[in-house]
Structure formats: structure tokens, C-alpha cells
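Below you'll find the structure, written out as C-alpha cells, and then a few comments.
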Amino acid sequence: MPKIENISTRIVDLPTIRGHVLSMATMTVQSVVLVHVHFSDGSVGIGEGTSIGGLSYGAESPESIASAIETYIAPAIIGRDGDNVNAARHAAERAVTGNPIARCAVENALWDGLGKRAGKSVAELFGGALHTGLEVAWTLASGNAAQDIEEAMSMLEQRRHRQFKLKVGKRAVREDIAHVARIKSALGDRAKVTVDVNQAWSLHDARIGLAGLQEIGVDMVEQPIAACHRHALGTLTRDYQIAVMADEALRGPEDALNHACEHAADAFAVKIAQSGGLSRAAEVIAIGQAAGIGLYGGTMLESGVGTAAALQLFATVGHLAWGTELFGPLLFKDDILTTPLVYSDFQVHVPAGHGSGVTLDQDKVDFYTRGKTRAVPTHTHMKASV
Ligand code: MUC
Ligand code: MG
């Protein structure tokens with residue numbers, strides 16, 4: 001029985017190809033936490049835990065993810081059977097009640113290690129893939145409509161994306177609608193357009209916003225109001241034709257069940273990190289399916305490691321009504337995999353191979369590792385929005 005012998009983490013700061021302007025922060029660097037789980041038979045599993053915009057998106061930062069793993073999760077699972085992912089996962093959940101992203105990173109690494117030893121992909125460990133590739137959206141978030149249009153046109157030309165998510169919520173709501181209308185009319189029928197407000201609107205703003213977005217033909221709006229206002233989200237879901245998606249409000253199966261029971265959303269952005277790992281994300285998916293809620297394979301803008309893990313799970317799902325947004329690696333100036341994930345024909349392709357199906361380019365990982373080759377803390381790269 002291969003035992004979990006050792007666990008190490010590192011924070012890797014990856015510069016983005018352009019400023020990524022969200023309602024709560026502008027990112028020029030993404031800080032991903034990579035986890036290596038070493039097993040007693042010499043095998044190694046890799047995982048990733050990543051959040052967005054330091055502490056501005058949610059309750060976990062890259063530093064807290066690394067610290068929760070090193071200080072609490074590792075001691076709770078070292079010495080356990082490496083092949084029993086469920087036992088280790090339950091031990092981690094008992095030791096750490098919150099911190100879903102930290103738990104996700106370790107669980108990814110456990111599945112990756114098990115898959116590598118078993119000669120199977122993570123999708124096979126979850127019962128088998130139903131797809132070899134998944135539709136993948138791109139986020140237009142340069143902050144400038146002309147640049148966004150140029151970017152979208154180039155993506156359409158390359159056949160890389162035909163679904164675009166626009167980040168709004170930083171400007172006044174009517175300005176946002178005008179911004180979206182400009183992009184939507186430039187793209188016409190060539191692309192599907194959705195928006196993500198990242199909780200920035202009040203309920204009153206949201207009424208104006210949803211009416212305006214519906215009018216200009218936007219297909220879906222993601223987390224328009226604060227995650228804690230589930231009842232109000234349900235009101236918006238019922239009052240407007242435009243689809244309403246829950247994102248930040250979904251922190252695992254319990255939230256999914258509450259949203260389903262109250263019909264608080266038409267769609268779920270399923271994120272492996274926010275759900276607390278692949279197994280919990282699978283439960284969120286099952287609840288969404290049972291409730292007839294449209295599923296979307298969400299991202300925390302992970303590098304290829306976390307993106308591949310999510311891809312392995314989403315490939316096992318029969319129908320993702322809203323496709324996926326697993327484009328994280330494309331937002332960075334550099335790829336840290338030896339063989340980057342393949343994006344073509346509007347899809348991201350499930351990598352062949354065992355475990356998550358990806359291998360790290362160790363030189364690149366070393367180069368971008370914080371405190372090793374470069375000692376620049378993330379917050380110096382990230383301006384908070386005001
Ligand atoms: C979010 O809130 O959905 C996903 C895509 C993107 O650009 O930001 C993320 C976070
Ligand atoms: Mg979102």
C-alpha cells in the first residue's frame with residue numbers, strides 16, 4: 001500500500017497577457033499554488049489551488065491556501081493509504097472545515113497520483129469520459145470595448161472561442177449595459193455573449209441591469225448580486241427571461257441544494273476549487289442535474305494543472321448546457337506544462353495520459369516560483385478596484 005509520505009507547496013506567480021479587469025480587482029499576475037504529494041512507492045501526484053485577485057474574490061488567498069495545506073491538511077493525511085482518496089479527503093475535511101481551495105488542491109494531487117499508479121486517467125477513475133473535448137468560452141475583460149471587440153474577432157477567426165463572457169460591475173450599471181451592447185452588436189450572431197458581475201450590483205442595479213441585458217440579447221448573467229442574497233437571486237431568476245447563474249454563492253453541495261430547492265438560479269458555475277475538490281464538485285453537478293439546472297464548467301483561472309483536473313471531471317458529465325470557461329492557461333504569458341493543453345475548434349481537449357494527464361515543465365515552474373527566483377509578492381501586481 002503506497003502511503004502518503006510528504007506534501008509540498010509552492011506559489012507560482014504567472015504574469016497575464018493583459019490586465020484582466022474584474023469588478024473587484026485588476027489582475028496582471030495570477031498566483032497559483034502547486035501541490036506535490038509524494039507517495040512511499042516513489043510516485044508523485046500534482047494538484048493546484050488557485051483563487052482570483054488575492055483576497056478580493058473570496059476568503060482564500062494564495063498564501064492562506066499554502067499555509068492551510070502545510071499546517072493542517074498535510075499533518076492530517078500524511079501516513080495514510082495513498083490509494084484511498086476518500087479516506088484522505090474525509091480526514092482533510094475533518095481537520096479543515098473551510099478552505100475549500102486548499103482541500104481541492106490536495107485532492108487533485110491524490111487523484112493524479114492514484115491515476116498514475118493505476119494507469120488510468122482521472123476521468124476513468126470517475127467512471128469514464130463522455131467527451132474528448134468541451135466547448136470553451138473566453139472572458140473579455142480588458143476594460144476597453146474596442147480592445148475587447150478586436151480580441152473577440154481574433155478568437156473567432158482562430159476558431160478558439162465563440163462564447164464570450166464580459167466582466168462588468170466596475171462602472172455604473174447603465175454604462176455597463178452600453179459597453180456590453182457595443183460588443184454584442186459588433187459580434188452579432190457569430191458569438192454567444194454572457195456577463196459576470198462578480199456580486200457588484202445591488203438588487204436595484206440588478207433590476208436595471210437584467211432588463212437592459214435582456215433587451216440587447218445577452219444570454220446569461222452570472223452572480224449579479226452578493227452571494228449571501230440567495231432569496232433575491234431567486235427573485236431575479238423568476239422575474240427575468242435572461243438566465244441567471246450562481247457562482248460565488250456555490251461553495252459546495254449544501255449551497256447547491258439550497259439554490260436548487262429555492263430555484264434561486266437557472267445555471268450553476270461549477271468550480272472544483274470553490275466546491276472543495278473534484279468529489280464535492282461531482283456532488284454539485286449531481287444536484288444541478290437532478291434539479292434541471294443548467295451546468296457550466298467554471299474556472300478560478302487556474303494554470304494547466306487545475307484546468308486539466310477540472311477537465312477530467314467535466315468530461316464525465318453528460319450535458320454542460322453552458323459549456324465551460326476552462327481557458328485559464330491562455331490568460332498567462334507562459335505555460336508551465338511540458339505539453340500545453342490543446343485549444344482548437346472552440347473546444348479545450350481532454351489530455352491523454354494517466355492521472356490529470358499533464359506534466360510540469362520544472363524549469364518554468366522554478367522560474368516563476370515566488371521567493372525562489374523572483375521575490376515579488378502578488379499584491380504589488382494587483383490594483384484593487386474602487
Ligand atoms: C469568475 O468569477 O467566474 C472566471 C473567468 C474569469 O475571467 O474570471 C473567473 C472568475
Ligand atoms: Mg463568476
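Chain labels follow the order of the C-alpha cells: the first chain is A, the next B, and so on; residue numbering restarts at 1 in every chain, and ligands are counted from 1 in their shown order.
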
* Asked: Would you give me, as a PyMOL selection string, the residues in range 217-386 of chain A that DSSP reads as helix (DSSP H, G or I)?
  -> chain A and resi 230-239+253-261+272-275+278-291+304-314+328-331+362-368+378-381

* Asked: Could you pull the residues within 10 Å of Glu325 in chain A, counting only C-alpha atoms, minus those fewer than 4 positions along the same chain, as a PyMOL selection string?
  -> chain A and resi 134-139+161+163-165+269+296-301+307+347-348

Given the selection you just returned, output its residues as a file containing C-alpha atoms, formatted as a compact mmCIF listing (two decimals), in the first residue's frame.
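What follows is the written file out-v4.txt:
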```
# COMPACT_ATOMS: atom_id res chain seq x y z
CA LEU A 134 -15.52 20.60 -24.29
CA GLU A 135 -16.80 23.93 -25.61
CA VAL A 136 -14.74 26.70 -24.03
CA ALA A 137 -15.69 30.35 -23.51
CA TRP A 138 -13.23 33.27 -23.24
CA THR A 139 -13.52 36.24 -20.93
CA HIS A 161 -13.86 30.68 -28.81
CA GLN A 163 -18.80 32.23 -26.42
CA PHE A 164 -17.64 35.36 -24.61
CA LYS A 165 -18.10 36.33 -21.01
CA ALA A 269 -20.95 27.68 -12.43
CA TYR A 296 -21.26 25.40 -16.67
CA GLY A 297 -17.69 24.18 -16.17
CA GLY A 298 -16.28 27.16 -14.27
CA THR A 299 -12.71 28.25 -13.58
CA MET A 300 -10.72 30.10 -10.97
CA LEU A 301 -8.27 30.97 -13.75
CA THR A 307 -7.57 23.21 -15.56
CA GLN A 347 -13.00 23.32 -27.62
CA VAL A 348 -10.45 22.50 -24.97
```

* Asked: Can you tell me, as a list in words, what residues are no more than 8 Å from range 120-125 of chain A when counting only C-alpha atoms, ignoring any on the same chain fewer than 2 positions away?
  -> Trp111, Asp112, Gly115, Lys116, Arg117, Ala118, Gly127, Gly128, Ala129, Ala309, Gln312, Leu313, Ala315, Thr316, Ala352, Gly353, His354, Gly355, Ser356 and Gly357 of chain A

* So, counting only C-alpha atoms and all ligand atoms, which residue among A:Ile11, A:Ile73, A:Cys104, A:Val168 is closest to ligand 1? ->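 Among the listed residues, the smallest separation from ligand 1 belongs to A:Val168.
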
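By chain and then residue number, the residues within 6 Å of range 185-198 of chain A are A:Arg162, A:Gln163, A:Phe164, A:Lys165, A:Leu166, A:Lys167, A:Val168, A:Gly169, A:Val218, A:Asp219, A:Met220, A:Val221, A:Glu222, A:Gln223, A:Pro224, counting only C-alpha atoms and disregarding those fewer than 5 positions away in sequence.
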
How would the residues just picked look written out with N, CA, C and O atoms as a PDB file, in the first residue's frame?
```pdb
ATOM      1  N   ARG A 162     -16.217  30.937 -29.266  1.00  0.00           N
ATOM      2  CA  ARG A 162     -17.387  31.590 -29.868  1.00  0.00           C
ATOM      3  C   ARG A 162     -18.419  31.902 -28.785  1.00  0.00           C
ATOM      4  O   ARG A 162     -19.574  32.136 -29.060  1.00  0.00           O
ATOM      5  N   GLN A 163     -17.977  31.801 -27.553  1.00  0.00           N
ATOM      6  CA  GLN A 163     -18.796  32.232 -26.417  1.00  0.00           C
ATOM      7  C   GLN A 163     -17.919  33.171 -25.591  1.00  0.00           C
ATOM      8  O   GLN A 163     -16.788  32.809 -25.238  1.00  0.00           O
ATOM      9  N   PHE A 164     -18.435  34.372 -25.320  1.00  0.00           N
ATOM     10  CA  PHE A 164     -17.639  35.364 -24.613  1.00  0.00           C
ATOM     11  C   PHE A 164     -18.355  35.827 -23.358  1.00  0.00           C
ATOM     12  O   PHE A 164     -19.542  36.135 -23.389  1.00  0.00           O
ATOM     13  N   LYS A 165     -17.559  35.841 -22.279  1.00  0.00           N
ATOM     14  CA  LYS A 165     -18.103  36.334 -21.005  1.00  0.00           C
ATOM     15  C   LYS A 165     -17.491  37.711 -20.786  1.00  0.00           C
ATOM     16  O   LYS A 165     -16.271  37.871 -20.858  1.00  0.00           O
ATOM     17  N   LEU A 166     -18.338  38.699 -20.543  1.00  0.00           N
ATOM     18  CA  LEU A 166     -17.863  40.062 -20.315  1.00  0.00           C
ATOM     19  C   LEU A 166     -17.906  40.351 -18.829  1.00  0.00           C
ATOM     20  O   LEU A 166     -18.916  40.087 -18.166  1.00  0.00           O
ATOM     21  N   LYS A 167     -16.816  40.880 -18.329  1.00  0.00           N
ATOM     22  CA  LYS A 167     -16.773  41.231 -16.909  1.00  0.00           C
ATOM     23  C   LYS A 167     -17.319  42.636 -16.741  1.00  0.00           C
ATOM     24  O   LYS A 167     -16.809  43.578 -17.369  1.00  0.00           O
ATOM     25  N   VAL A 168     -18.338  42.777 -15.927  1.00  0.00           N
ATOM     26  CA  VAL A 168     -18.928  44.088 -15.674  1.00  0.00           C
ATOM     27  C   VAL A 168     -19.032  44.311 -14.163  1.00  0.00           C
ATOM     28  O   VAL A 168     -18.601  43.470 -13.384  1.00  0.00           O
ATOM     29  N   GLY A 169     -19.605  45.475 -13.788  1.00  0.00           N
ATOM     30  CA  GLY A 169     -19.836  45.725 -12.367  1.00  0.00           C
ATOM     31  C   GLY A 169     -18.904  46.771 -11.784  1.00  0.00           C
ATOM     32  O   GLY A 169     -19.051  47.182 -10.634  1.00  0.00           O
ATOM     33  N   VAL A 218     -28.395  39.521 -24.425  1.00  0.00           N
ATOM     34  CA  VAL A 218     -27.369  38.773 -23.690  1.00  0.00           C
ATOM     35  C   VAL A 218     -28.009  37.485 -23.162  1.00  0.00           C
ATOM     36  O   VAL A 218     -29.156  37.493 -22.713  1.00  0.00           O
ATOM     37  N   ASP A 219     -27.272  36.387 -23.239  1.00  0.00           N
ATOM     38  CA  ASP A 219     -27.867  35.089 -22.910  1.00  0.00           C
ATOM     39  C   ASP A 219     -27.937  34.776 -21.418  1.00  0.00           C
ATOM     40  O   ASP A 219     -28.825  34.059 -20.976  1.00  0.00           O
ATOM     41  N   MET A 220     -26.952  35.287 -20.684  1.00  0.00           N
ATOM     42  CA  MET A 220     -26.910  34.859 -19.278  1.00  0.00           C
ATOM     43  C   MET A 220     -26.136  35.871 -18.438  1.00  0.00           C
ATOM     44  O   MET A 220     -25.214  36.519 -18.953  1.00  0.00           O
ATOM     45  N   VAL A 221     -26.520  35.998 -17.171  1.00  0.00           N
ATOM     46  CA  VAL A 221     -25.809  36.880 -16.247  1.00  0.00           C
ATOM     47  C   VAL A 221     -25.375  36.076 -15.024  1.00  0.00           C
ATOM     48  O   VAL A 221     -26.159  35.339 -14.438  1.00  0.00           O
ATOM     49  N   GLU A 222     -24.100  36.213 -14.705  1.00  0.00           N
ATOM     50  CA  GLU A 222     -23.511  35.412 -13.625  1.00  0.00           C
ATOM     51  C   GLU A 222     -23.359  36.251 -12.359  1.00  0.00           C
ATOM     52  O   GLU A 222     -22.856  37.375 -12.409  1.00  0.00           O
ATOM     53  N   GLN A 223     -23.775  35.693 -11.270  1.00  0.00           N
ATOM     54  CA  GLN A 223     -23.691  36.275  -9.915  1.00  0.00           C
ATOM     55  C   GLN A 223     -23.836  37.799  -9.919  1.00  0.00           C
ATOM     56  O   GLN A 223     -22.903  38.529  -9.570  1.00  0.00           O
ATOM     57  N   PRO A 224     -25.042  38.294 -10.290  1.00  0.00           N
ATOM     58  CA  PRO A 224     -25.221  39.747 -10.355  1.00  0.00           C
ATOM     59  C   PRO A 224     -25.179  40.429  -8.988  1.00  0.00           C
ATOM     60  O   PRO A 224     -24.784  41.588  -8.893  1.00  0.00           O
TER      61      PRO A 224
END
```

* Name all residues at most 7 Å from range 28-33 of chain A (count only C-alpha atoms; drop same-chain ones fewer than 3 positions away) and give them as a ChimeraX atom specification. => /A:9-16,18-20,48-50,62,66,302,378,381-382

Let's have the selection written as an mmCIF file, in the first residue's frame, with N, CA, C and O atoms.
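again-v2.cif, written as the output of this step:
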```
data_model
loop_
_atom_site.group_PDB
_atom_site.id
_atom_site.type_symbol
_atom_site.label_atom_id
_atom_site.label_comp_id
_atom_site.auth_asym_id
_atom_site.auth_seq_id
_atom_site.Cartn_x
_atom_site.Cartn_y
_atom_site.Cartn_z
ATOM 1 N N THR A 9 4.275 22.528 -1.095
ATOM 2 C CA THR A 9 3.525 23.542 -1.859
ATOM 3 C C THR A 9 4.498 24.609 -2.347
ATOM 4 O O THR A 9 5.567 24.796 -1.775
ATOM 5 N N ARG A 10 4.112 25.288 -3.381
ATOM 6 C CA ARG A 10 4.834 26.491 -3.805
ATOM 7 C C ARG A 10 3.854 27.430 -4.484
ATOM 8 O O ARG A 10 2.884 26.980 -5.105
ATOM 9 N N ILE A 11 4.110 28.711 -4.338
ATOM 10 C CA ILE A 11 3.271 29.721 -5.003
ATOM 11 C C ILE A 11 4.005 30.148 -6.270
ATOM 12 O O ILE A 11 5.186 30.493 -6.239
ATOM 13 N N VAL A 12 3.287 30.075 -7.378
ATOM 14 C CA VAL A 12 3.876 30.378 -8.680
ATOM 15 C C VAL A 12 3.141 31.600 -9.247
ATOM 16 O O VAL A 12 1.923 31.574 -9.424
ATOM 17 N N ASP A 13 3.875 32.669 -9.488
ATOM 18 C CA ASP A 13 3.275 33.924 -9.968
ATOM 19 C C ASP A 13 3.391 34.013 -11.482
ATOM 20 O O ASP A 13 4.492 34.198 -12.007
ATOM 21 N N LEU A 14 2.255 33.908 -12.167
ATOM 22 C CA LEU A 14 2.262 33.897 -13.633
ATOM 23 C C LEU A 14 1.718 35.225 -14.173
ATOM 24 O O LEU A 14 0.550 35.562 -13.940
ATOM 25 N N PRO A 15 2.521 35.980 -14.915
ATOM 26 C CA PRO A 15 2.030 37.240 -15.491
ATOM 27 C C PRO A 15 0.930 36.979 -16.519
ATOM 28 O O PRO A 15 0.998 35.993 -17.271
ATOM 29 N N THR A 16 -0.069 37.851 -16.548
ATOM 30 C CA THR A 16 -1.163 37.678 -17.519
ATOM 31 C C THR A 16 -0.812 38.392 -18.834
ATOM 32 O O THR A 16 0.028 39.299 -18.854
ATOM 33 N N ARG A 18 -2.620 40.426 -20.501
ATOM 34 C CA ARG A 18 -3.111 41.812 -20.418
ATOM 35 C C ARG A 18 -3.784 41.951 -19.063
ATOM 36 O O ARG A 18 -4.032 40.956 -18.380
ATOM 37 N N GLY A 19 -4.057 43.188 -18.686
ATOM 38 C CA GLY A 19 -4.792 43.373 -17.437
ATOM 39 C C GLY A 19 -6.155 42.703 -17.554
ATOM 40 O O GLY A 19 -6.815 42.814 -18.588
ATOM 41 N N HIS A 20 -6.549 41.958 -16.530
ATOM 42 C CA HIS A 20 -7.847 41.276 -16.517
ATOM 43 C C HIS A 20 -8.699 42.064 -15.520
ATOM 44 O O HIS A 20 -8.512 41.955 -14.302
ATOM 45 N N GLU A 48 -3.475 21.652 -7.837
ATOM 46 C CA GLU A 48 -3.410 23.118 -7.845
ATOM 47 C C GLU A 48 -4.580 23.706 -7.072
ATOM 48 O O GLU A 48 -5.710 23.214 -7.166
ATOM 49 N N GLY A 49 -4.288 24.760 -6.332
ATOM 50 C CA GLY A 49 -5.334 25.514 -5.659
ATOM 51 C C GLY A 49 -5.141 26.986 -5.994
ATOM 52 O O GLY A 49 -4.082 27.534 -5.730
ATOM 53 N N THR A 50 -6.143 27.580 -6.600
ATOM 54 C CA THR A 50 -5.965 28.947 -7.091
ATOM 55 C C THR A 50 -7.194 29.785 -6.806
ATOM 56 O O THR A 50 -8.322 29.321 -6.991
ATOM 57 N N PRO A 62 -3.608 33.012 -2.043
ATOM 58 C CA PRO A 62 -2.570 32.019 -2.337
ATOM 59 C C PRO A 62 -1.791 31.645 -1.071
ATOM 60 O O PRO A 62 -1.479 30.466 -0.841
ATOM 61 N N ALA A 66 -1.609 27.869 0.738
ATOM 62 C CA ALA A 66 -0.345 27.157 1.018
ATOM 63 C C ALA A 66 -0.238 26.855 2.507
ATOM 64 O O ALA A 66 0.134 25.737 2.906
ATOM 65 N N GLU A 302 -7.208 28.876 -13.257
ATOM 66 C CA GLU A 302 -6.105 28.008 -12.886
ATOM 67 C C GLU A 302 -5.123 27.842 -14.051
ATOM 68 O O GLU A 302 -5.491 28.028 -15.212
ATOM 69 N N THR A 378 2.395 39.061 -4.838
ATOM 70 C CA THR A 378 1.311 39.283 -5.800
ATOM 71 C C THR A 378 0.670 40.645 -5.672
ATOM 72 O O THR A 378 0.337 41.267 -6.655
ATOM 73 N N HIS A 381 1.239 43.522 -7.861
ATOM 74 C CA HIS A 381 0.820 43.439 -9.260
ATOM 75 C C HIS A 381 -0.666 43.661 -9.413
ATOM 76 O O HIS A 381 -1.192 43.583 -10.480
ATOM 77 N N MET A 382 -1.362 43.860 -8.333
ATOM 78 C CA MET A 382 -2.800 43.835 -8.397
ATOM 79 C C MET A 382 -3.373 45.089 -7.772
ATOM 80 O O MET A 382 -3.207 45.326 -6.592
#
```

* To do: Using only C-alpha atoms, determine which residues lie at most 12 Å from Pro340 in chain A, disregarding the query and same-chain residues fewer than 6 positions distant; provide the list as a ChimeraX atom specification.
  => /A:303-305,307-308,327-330,332,334,348-352,357-361

* Quick one: DSSP strand (DSSP E or B) residues in range 96-301 of chain A, as a PyMOL selection string? -> chain A and resi 121+133-136+138-140+163-167+192-196+201+220-222+225+243-246+267-270+294-297
